[in-house]
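Colleague: Structure supplied as final-v7.cif; contents: mmCIF, C-alpha atoms.
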data_target
#
loop_
_atom_site.label_atom_id
_atom_site.label_comp_id
_atom_site.auth_asym_id
_atom_site.auth_seq_id
_atom_site.Cartn_x
_atom_site.Cartn_y
_atom_site.Cartn_z
CA MET A 265 45.41 -7.02 -3.96
CA SER A 266 46.21 -7.28 -7.64
CA PRO A 267 49.56 -8.74 -8.63
CA ARG A 268 50.49 -5.34 -10.04
CA SER A 269 50.54 -3.58 -6.72
CA SER A 270 52.75 -6.25 -5.16
CA SER A 271 55.24 -6.13 -8.08
CA VAL A 272 55.25 -2.33 -8.39
CA GLY A 273 56.05 -1.48 -4.83
CA ALA A 274 56.55 2.17 -5.68
CA HIS A 275 52.91 2.67 -6.32
CA PRO A 276 51.09 0.97 -3.57
CA VAL A 277 48.63 3.82 -3.57
CA ARG A 278 47.57 3.21 -7.16
CA ASP A 279 45.41 0.35 -6.15
CA ASN A 280 43.81 2.09 -3.27
CA PRO A 281 41.46 4.38 -5.18
CA THR A 282 39.72 1.39 -6.75
CA LYS A 283 39.55 -0.28 -3.40
CA ARG A 284 38.17 2.83 -1.89
CA GLN A 285 35.70 2.97 -4.73
CA THR A 286 34.43 -0.53 -4.10
CA TRP A 287 34.24 0.18 -0.43
CA GLY A 288 32.46 3.40 -1.26
CA ARG A 289 30.06 1.54 -3.48
CA ALA A 290 29.41 -1.01 -0.75
CA GLN A 291 28.85 1.82 1.67
CA GLY A 292 26.47 3.43 -0.79
CA ALA A 293 24.56 0.20 -1.17
CA LEU A 294 24.44 -0.22 2.58
CA LEU A 295 23.16 3.30 2.93
CA GLN A 296 20.53 2.62 0.31
CA VAL A 297 19.39 -0.50 2.10
CA LEU A 298 19.29 1.41 5.36
CA CYS A 299 17.25 4.15 3.71
CA LEU A 300 14.90 1.57 2.28
CA LEU A 301 14.53 0.00 5.69
CA LEU A 302 13.88 3.42 7.14
CA PHE A 303 11.17 4.05 4.59
CA THR A 304 9.54 0.67 5.06
CA SER A 305 9.35 1.32 8.74
CA LEU A 306 7.85 4.70 7.94
CA ALA A 307 5.32 3.10 5.62
CA PHE A 308 4.52 0.57 8.31
CA ALA A 309 4.06 3.28 10.89
CA GLN A 310 1.73 5.03 8.51
CA ALA A 311 -0.26 1.90 7.80
CA ILE A 312 -0.93 1.52 11.49
CA ASP A 313 -1.34 5.22 11.84
CA PRO A 314 -0.06 7.17 14.80
CA LEU A 315 -2.78 8.74 16.88
CA PRO A 316 -2.25 11.50 19.42
CA PHE A 317 -2.90 9.57 22.60
CA LYS A 318 -3.13 11.43 25.86
CA ASP A 319 -0.86 8.97 27.64
CA HIS A 320 0.52 5.49 27.40
CA ALA A 321 -2.38 4.00 29.36
CA GLN A 322 -4.84 5.28 26.79
CA GLU A 323 -2.77 3.84 23.98
CA VAL A 324 -2.68 0.46 25.68
CA ARG A 325 -6.44 0.61 26.17
CA PHE A 326 -6.91 1.55 22.51
CA GLN A 327 -4.71 -1.32 21.37
CA SER A 328 -6.50 -3.92 23.44
CA LEU A 329 -9.93 -2.60 22.45
CA THR A 330 -9.23 -2.56 18.71
CA ARG A 331 -7.82 -6.05 19.01
CA GLU A 332 -11.21 -7.27 20.22
CA LEU A 333 -13.02 -5.72 17.28
CA ARG A 334 -13.29 -7.30 13.89
CA CYS A 335 -12.61 -5.55 10.63
CA LEU A 336 -15.59 -5.93 8.32
CA VAL A 337 -13.60 -5.76 5.11
CA CYS A 338 -10.91 -8.33 5.90
CA GLN A 339 -13.10 -10.41 8.09
CA ASN A 340 -10.35 -12.46 9.66
CA GLU A 341 -8.43 -9.44 10.84
CA ASN A 342 -9.01 -7.27 13.85
CA LEU A 343 -9.26 -3.51 13.71
CA ALA A 344 -5.82 -3.06 15.24
CA ASP A 345 -4.02 -5.05 12.54
CA SER A 346 -6.07 -4.38 9.45
CA ASN A 347 -4.81 -2.12 6.71
CA ALA A 348 -8.23 -1.76 5.13
CA ASP A 349 -9.46 1.76 4.60
CA LEU A 350 -12.59 1.16 6.64
CA ALA A 351 -10.54 -0.30 9.49
CA ARG A 352 -8.54 2.94 9.62
CA ASP A 353 -11.75 4.97 9.67
CA LEU A 354 -13.12 2.80 12.45
CA ARG A 355 -9.89 3.10 14.43
CA HIS A 356 -10.24 6.86 14.20
CA GLU A 357 -13.85 6.56 15.27
CA VAL A 358 -12.84 4.45 18.28
CA PHE A 359 -10.12 6.96 19.09
CA ASP A 360 -12.54 9.90 18.88
CA LEU A 361 -15.06 8.13 21.08
CA MET A 362 -12.30 7.48 23.58
CA GLN A 363 -11.42 11.17 23.62
CA GLN A 364 -15.06 11.89 24.35
CA GLY A 365 -14.67 9.80 27.46
CA LYS A 366 -16.74 6.82 26.34
CA SER A 367 -16.13 3.51 28.09
CA ASP A 368 -15.05 0.38 26.25
CA ASP A 369 -18.55 -1.06 26.51
CA GLU A 370 -20.09 2.11 25.11
CA ILE A 371 -17.68 2.07 22.19
CA LYS A 372 -18.41 -1.59 21.50
CA GLN A 373 -22.14 -0.88 21.66
CA TYR A 374 -21.65 2.04 19.25
CA LEU A 375 -20.12 -0.31 16.69
CA VAL A 376 -22.57 -3.13 17.37
CA ASP A 377 -25.45 -0.71 16.72
CA ARG A 378 -24.03 -0.09 13.28
CA TYR A 379 -22.37 -3.33 12.29
CA SER A 380 -24.10 -5.94 14.49
CA ASP A 381 -22.50 -8.39 16.91
CA PHE A 382 -20.25 -9.49 14.09
CA VAL A 383 -17.72 -6.79 15.03
CA LEU A 384 -17.14 -8.45 18.37
CA TYR A 385 -14.65 -11.29 18.41
CA ASP A 386 -16.20 -12.40 21.66
CA PRO A 387 -19.88 -13.08 20.93
CA PRO A 388 -22.28 -11.92 23.67
CA MET A 389 -24.45 -14.48 25.42
CA LYS A 390 -28.06 -14.09 24.36
CA ALA A 391 -30.93 -16.16 23.03
CA SER A 392 -29.60 -16.37 19.48
CA THR A 393 -26.11 -17.39 20.58
CA MET A 394 -27.14 -20.02 23.16
CA LEU A 395 -26.39 -22.86 20.76
CA LEU A 396 -23.01 -21.34 20.01
CA TRP A 397 -22.13 -21.11 23.69
CA PHE A 398 -23.64 -24.34 24.94
CA GLY A 399 -23.70 -26.49 21.80
CA PRO A 400 -20.28 -28.00 22.54
CA PHE A 401 -21.44 -28.98 26.05
CA LEU A 402 -24.54 -30.58 24.58
CA ILE A 403 -22.37 -32.65 22.27
CA LEU A 404 -20.10 -33.54 25.19
CA LEU A 405 -23.13 -34.63 27.21
CA ALA A 406 -24.43 -36.70 24.32
CA GLY A 407 -21.03 -38.35 23.99
CA ALA A 408 -20.90 -39.03 27.72
CA ALA A 409 -24.40 -40.54 27.58
CA VAL A 410 -23.36 -42.86 24.75
CA VAL A 411 -20.28 -43.94 26.72
CA VAL A 412 -22.30 -44.59 29.89
CA VAL A 413 -24.93 -46.60 28.05
CA THR A 414 -22.32 -48.65 26.18
CA VAL A 415 -20.29 -49.37 29.28
CA ARG A 416 -23.36 -50.41 31.25
CA ARG A 417 -24.65 -52.62 28.48
CA ARG A 418 -21.26 -54.23 28.07
CA GLY A 419 -20.94 -54.68 31.78
CA ARG A 420 -24.31 -56.40 31.92
CA ALA A 421 -23.45 -58.58 28.93
CA ALA A 422 -20.14 -59.51 30.51
CA ALA A 423 -21.90 -60.37 33.75
CA ALA A 424 -24.39 -62.53 31.87
CA VAL A 425 -21.59 -64.27 30.02
CA ALA A 426 -19.68 -64.71 33.25
CA ASN A 427 -22.76 -66.32 34.82
CA ASP A 428 -23.17 -68.69 31.86
CA LYS A 429 -19.57 -69.69 31.27
CA PRO A 430 -17.30 -68.53 34.04
CA THR A 431 -14.22 -69.74 32.17
CA ASP A 432 -14.77 -67.95 28.86
CA GLU A 433 -13.45 -64.42 28.96
CA GLY A 434 -12.60 -61.70 26.48
CA ASP A 435 -15.17 -62.63 23.83
CA ASP A 436 -17.89 -60.37 25.13
CA TRP A 437 -18.05 -58.20 21.98
CA MET B 273 -28.61 -52.90 15.35
CA SER B 274 -25.74 -51.81 17.55
CA ARG B 275 -23.37 -52.76 14.74
CA LEU B 276 -25.10 -50.25 12.51
CA LEU B 277 -24.70 -47.48 15.08
CA PRO B 278 -21.30 -46.25 13.80
CA PHE B 279 -22.75 -46.21 10.32
CA PHE B 280 -25.61 -44.00 11.44
CA GLY B 281 -23.12 -41.75 13.21
CA PHE B 282 -21.16 -41.51 10.00
CA LEU B 283 -24.33 -40.77 8.05
CA LEU B 284 -25.18 -38.00 10.50
CA LEU B 285 -21.76 -36.44 10.01
CA VAL B 286 -22.10 -36.66 6.24
CA LEU B 287 -25.48 -34.96 6.45
CA LEU B 288 -24.12 -32.20 8.66
CA PHE B 289 -21.16 -31.70 6.35
CA GLY B 290 -23.41 -31.65 3.29
CA PHE B 291 -25.70 -29.15 4.96
CA GLY B 292 -22.70 -26.95 5.72
CA ILE B 293 -21.59 -26.98 2.12
CA TRP B 294 -25.10 -26.35 0.86
CA TRP B 295 -25.67 -23.54 3.34
CA ASN B 296 -22.47 -21.78 2.37
CA THR B 297 -23.37 -21.81 -1.29
CA GLN B 298 -26.79 -20.39 -0.50
CA HIS B 299 -25.63 -17.15 1.02
CA ASP B 300 -22.77 -14.70 0.84
CA GLN B 301 -20.44 -15.67 3.67
CA ARG B 302 -19.04 -12.19 3.92
CA GLU B 303 -22.45 -10.62 4.31
CA VAL B 304 -23.10 -9.12 7.72
CA PRO B 305 -26.81 -8.55 8.29
CA SER B 306 -27.42 -4.95 9.19
CA PRO B 307 -28.84 -4.26 12.65
CA LEU B 308 -30.37 -1.10 11.19
CA ILE B 309 -33.19 -2.85 9.33
CA ASN B 310 -36.53 -1.52 10.59
CA LYS B 311 -34.74 1.18 12.55
CA PRO B 312 -34.71 4.88 11.67
CA ALA B 313 -32.00 5.80 9.22
CA PRO B 314 -29.21 7.72 10.92
CA ALA B 315 -29.57 11.47 10.71
CA PHE B 316 -27.29 12.86 8.05
CA VAL B 317 -26.51 16.16 6.40
CA LEU B 318 -24.43 15.76 3.27
CA PRO B 319 -23.58 18.07 0.38
CA LYS B 320 -24.76 17.45 -3.15
CA LEU B 321 -22.23 16.37 -5.73
CA ASP B 322 -23.21 18.91 -8.35
CA ASP B 323 -23.55 21.77 -5.89
CA PRO B 324 -21.60 21.31 -2.62
CA ALA B 325 -23.14 24.49 -1.22
CA GLN B 326 -26.47 22.68 -1.03
CA THR B 327 -26.92 20.01 1.57
CA VAL B 328 -29.41 17.20 1.85
CA SER B 329 -30.56 15.87 5.20
CA ARG B 330 -32.48 12.80 6.23
CA ASP B 331 -35.33 14.93 7.48
CA ALA B 332 -35.58 16.79 4.18
CA LEU B 333 -36.16 13.47 2.44
CA LEU B 334 -38.96 12.37 4.79
CA GLY B 335 -42.36 11.75 3.28
CA LYS B 336 -41.52 9.56 0.35
CA PRO B 337 -39.56 6.30 0.13
CA TYR B 338 -36.24 6.33 -1.65
CA LEU B 339 -33.32 4.08 -2.36
CA ILE B 340 -29.85 5.10 -1.23
CA ASN B 341 -27.18 3.53 -3.39
CA VAL B 342 -23.63 3.69 -2.04
CA PHE B 343 -21.15 3.93 -4.89
CA ALA B 344 -17.66 5.15 -5.70
CA SER B 345 -15.67 5.51 -8.88
CA TRP B 346 -12.92 3.33 -7.39
CA CYS B 347 -15.29 0.50 -6.60
CA ILE B 348 -15.16 -2.30 -9.16
CA ALA B 349 -18.42 -3.98 -8.24
CA CYS B 350 -20.15 -0.59 -8.62
CA GLY B 351 -19.09 -0.69 -12.27
CA GLU B 352 -20.88 -4.01 -12.61
CA GLU B 353 -23.95 -2.67 -10.89
CA HIS B 354 -24.08 0.59 -12.81
CA PRO B 355 -25.58 -0.67 -16.11
CA VAL B 356 -28.33 -2.39 -14.12
CA LEU B 357 -29.20 0.89 -12.42
CA MET B 358 -29.11 2.64 -15.79
CA THR B 359 -31.61 0.26 -17.35
CA GLN B 360 -33.79 -0.58 -14.34
CA GLY B 361 -33.34 2.39 -12.04
CA LYS B 362 -36.39 4.17 -13.35
CA SER B 363 -38.60 1.10 -13.20
CA ILE B 364 -38.29 0.39 -9.47
CA GLY B 365 -40.65 3.23 -8.64
CA VAL B 366 -38.70 5.11 -5.96
CA PRO B 367 -36.16 7.90 -6.39
CA LEU B 368 -32.54 6.81 -6.49
CA VAL B 369 -30.23 8.72 -4.19
CA GLY B 370 -26.60 8.19 -5.14
CA TYR B 371 -24.31 8.11 -2.12
CA ASN B 372 -20.81 8.90 -3.30
CA TYR B 373 -18.59 7.17 -0.77
CA LYS B 374 -14.99 8.23 -0.05
CA ASP B 375 -14.43 9.41 -3.57
CA ALA B 376 -12.71 12.38 -5.19
CA THR B 377 -15.36 14.78 -6.45
CA ASP B 378 -13.82 15.03 -9.90
CA ASP B 379 -13.50 11.26 -10.20
CA ALA B 380 -17.14 10.83 -9.25
CA LYS B 381 -18.27 13.44 -11.77
CA ASP B 382 -16.14 11.93 -14.53
CA TRP B 383 -17.45 8.49 -13.71
CA LEU B 384 -21.06 9.61 -13.90
CA SER B 385 -20.58 11.53 -17.14
CA LYS B 386 -18.76 8.60 -18.68
CA HIS B 387 -21.14 5.83 -17.65
CA GLY B 388 -24.35 7.83 -17.27
CA ASN B 389 -26.14 9.10 -14.21
CA PRO B 390 -29.01 6.91 -13.00
CA TYR B 391 -29.53 8.96 -9.83
CA ASP B 392 -32.18 11.53 -9.07
CA MET B 393 -29.74 13.13 -6.67
CA VAL B 394 -26.16 12.44 -5.62
CA ILE B 395 -24.87 13.21 -2.13
CA VAL B 396 -21.24 13.13 -1.11
CA ASP B 397 -19.59 11.56 1.92
CA ARG B 398 -15.96 12.34 1.33
CA GLU B 399 -14.63 11.13 4.68
CA GLY B 400 -16.99 8.21 5.08
CA ARG B 401 -18.06 9.38 8.54
CA THR B 402 -21.80 9.21 7.90
CA ALA B 403 -21.28 5.87 6.17
CA ILE B 404 -20.14 4.43 9.51
CA ASP B 405 -23.52 5.46 10.97
CA PHE B 406 -25.15 3.56 8.13
CA GLY B 407 -22.96 0.55 8.80
CA VAL B 408 -21.47 0.66 5.32
CA TYR B 409 -18.51 -1.66 4.99
CA GLY B 410 -18.10 -2.05 1.29
CA ALA B 411 -19.57 -0.40 -1.75
CA PRO B 412 -21.88 -1.02 -3.41
CA GLU B 413 -24.60 -1.14 -0.81
CA SER B 414 -28.22 -0.07 -1.10
CA PHE B 415 -30.69 1.02 1.55
CA LEU B 416 -34.42 1.28 1.03
CA VAL B 417 -35.74 4.04 3.29
CA ASP B 418 -39.48 4.49 3.73
CA GLY B 419 -41.45 7.71 4.02
CA LYS B 420 -40.97 7.76 7.79
CA GLY B 421 -37.23 7.59 7.42
CA VAL B 422 -36.98 3.94 8.49
CA ILE B 423 -34.55 1.60 6.74
CA ARG B 424 -36.62 -1.28 5.43
CA TYR B 425 -34.23 -3.24 3.32
CA LYS B 426 -30.52 -3.40 2.72
CA ARG B 427 -28.59 -4.97 -0.07
CA ILE B 428 -24.88 -5.58 0.44
CA GLY B 429 -23.18 -6.00 -2.91
CA PRO B 430 -24.36 -5.05 -6.37
CA LEU B 431 -28.02 -4.89 -7.28
CA THR B 432 -28.56 -7.42 -10.03
CA PRO B 433 -31.72 -7.86 -12.13
CA GLU B 434 -32.43 -10.97 -10.03
CA VAL B 435 -32.02 -9.16 -6.70
CA ILE B 436 -34.18 -6.28 -7.92
CA GLU B 437 -36.92 -8.66 -9.01
CA LYS B 438 -36.81 -11.01 -6.01
CA GLU B 439 -35.95 -8.70 -3.13
CA LEU B 440 -36.08 -5.00 -3.89
CA LYS B 441 -39.36 -4.84 -5.78
CA PRO B 442 -41.28 -6.91 -3.19
CA ALA B 443 -39.85 -4.67 -0.46
CA ILE B 444 -41.00 -1.57 -2.33
CA ALA B 445 -44.39 -3.14 -3.01
CA ALA B 446 -44.77 -3.79 0.73
CA LEU B 447 -44.15 -0.09 1.37
CA SER B 448 -46.80 1.13 -1.05
CA LYS B 449 -49.28 -1.30 0.51
CA GLU B 450 -48.84 0.33 3.91
CA ALA B 451 -49.01 3.88 2.69
CA PRO B 452 -52.52 5.10 2.03
#
Could you spell out this file's structure in structure tokens?
Modeller:
Amino acid sequence: MSPRSSSVGAHPVRDNPTKRQTWGRAQGALLQVLCLLLFTSLAFAQAIDPLPFKDHAQEVRFQSLTRELRCLVCQNENLADSNADLARDLRHEVFDLMQQGKSDDEIKQYLVDRYSDFVLYDPPMKASTMLLWFGPFLILLAGAAVVVVTVRRRGRAAAAVANDKPTDEGDDW
Amino acid sequence: MSRLLPFFGFLLLVLLFGFGIWWNTQHDQREVPSPLINKPAPAFVLPKLDDPAQTVSRDALLGKPYLINVFASWCIACGEEHPVLMTQGKSIGVPLVGYNYKDATDDAKDWLSKHGNPYDMVIVDREGRTAIDFGVYGAPESFLVDGKGVIRYKRIGPLTPEVIEKELKPAIAALSKEAP
């Protein structure tokens, strides 16, 4: 409230238009923000484009399948999340194959035939991926072997030391 | 000896690390080897750029080797590759088939008239559907297809004078050796 409106009691309304204006402006701004938000959500919906799924189950299946497939353009993104043009094309391809009644494995194979195993986030077990699958266990085994050997050797050394000088302990390094 | 063991372990790690760095500078990390090498090229029927009423199919091109070069006017690396094709395209010894990928026809035509047309023929894949069959994931890409319609070599990324000399020409030479 401006001092004028309190002093001129006869015109309390005079101040209101400006107030209404500011409120109107705020409302306008709010509306604009809301519109913007609306449009961003639209843009987002378009980026991850809506596909005419038969039912919810199919949509869920589509989502989980595209999440297991890698986008070749942005190689750290999956097909479900990627905004790349090719990812959209491949999503449509996956969708079309689904409509044709292809199983998940058939769809994966379809993409593997074209883009190699790289499209799969979960690498298949075969001769060329043996090291990938079992390499960590080999390293674990090697580590375990080193530990066993060290412990045994130390144990033997400690025993030898104990036999020589039964009183001297703790210096068996 | 056992005192040196950690040192050898460290040395091993350094070697592995060094190998990793070396290996990653030796090859393009984004390159995905095509599973289509030495497999028949996917069957395609695509319209020509200059006359969309006419189509070109894989089977129509059987008999002689050719090089498919995937390009688009929107593709920046294609602009780098283009002068190389202009100067060396004729010298590689096989016809160049331009594969206009997901491009607007007018843009493609403008691009070719502005920068020159190194291709013996240009085919159009507006939707990029056939390109999926070829396993294209980024222009420019090039496929060497032999007379039997089998893909023999693929280059992902621009053809450079070095790549042409070291990879493409030997691959083409290998083809002409087989053919009588």
Colleague: Do you know which residues are at most 9 Å from range 418-433 of chain B counting all atoms listed in the file, after dropping those on the same chain fewer than 5 positions away, and could you put them as number ranges by chain?
Modeller: B: 303-306, 308-314, 330-331, 333-339, 349-350, 352-354, 356-357, 360, 408-413, 438-440, 443-444, 447, 451
Colleague: So how many Å separate CA of Pro314 in chain A and CA of Lys372 in chain A, to one decimal?
Modeller: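 So the two atoms, CA of Pro314 in chain A and CA of Lys372 in chain A, lie 21.4 Å apart.
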Colleague: Determine the residue membership of the PyMOL selection byres ((chain A and resi 316-331) around 10) for the file above and supply it as a PyMOL selection string.
Modeller: chain A and resi 313-315+332-335+341-346+351+354-355+358-359+362-363+368-369+371-372+384-385
Colleague: Provide the CA of Met389 in chain A to CA of Asp360 in chain A distance in Å, to one decimal place.
Modeller: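 According to the coordinates, CA of Met389 in chain A and CA of Asp360 in chain A are separated by 27.9 Å.
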Colleague: What does the structure give for the distance between CA of Gly290 in chain B and CA of Leu405 in chain A, in Å to one decimal?
Modeller: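 These atoms are spaced 24.1 Å apart.
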Colleague: Starting from the displayed file, determine the output of the PyMOL selection byres ((chain B and resi 398) around 8) and express the residue list as a list in words.
Modeller: Asn372, Tyr373, Lys374, Asp375, Ala376, Val396, Asp397, Glu399 and Gly400 of chain B
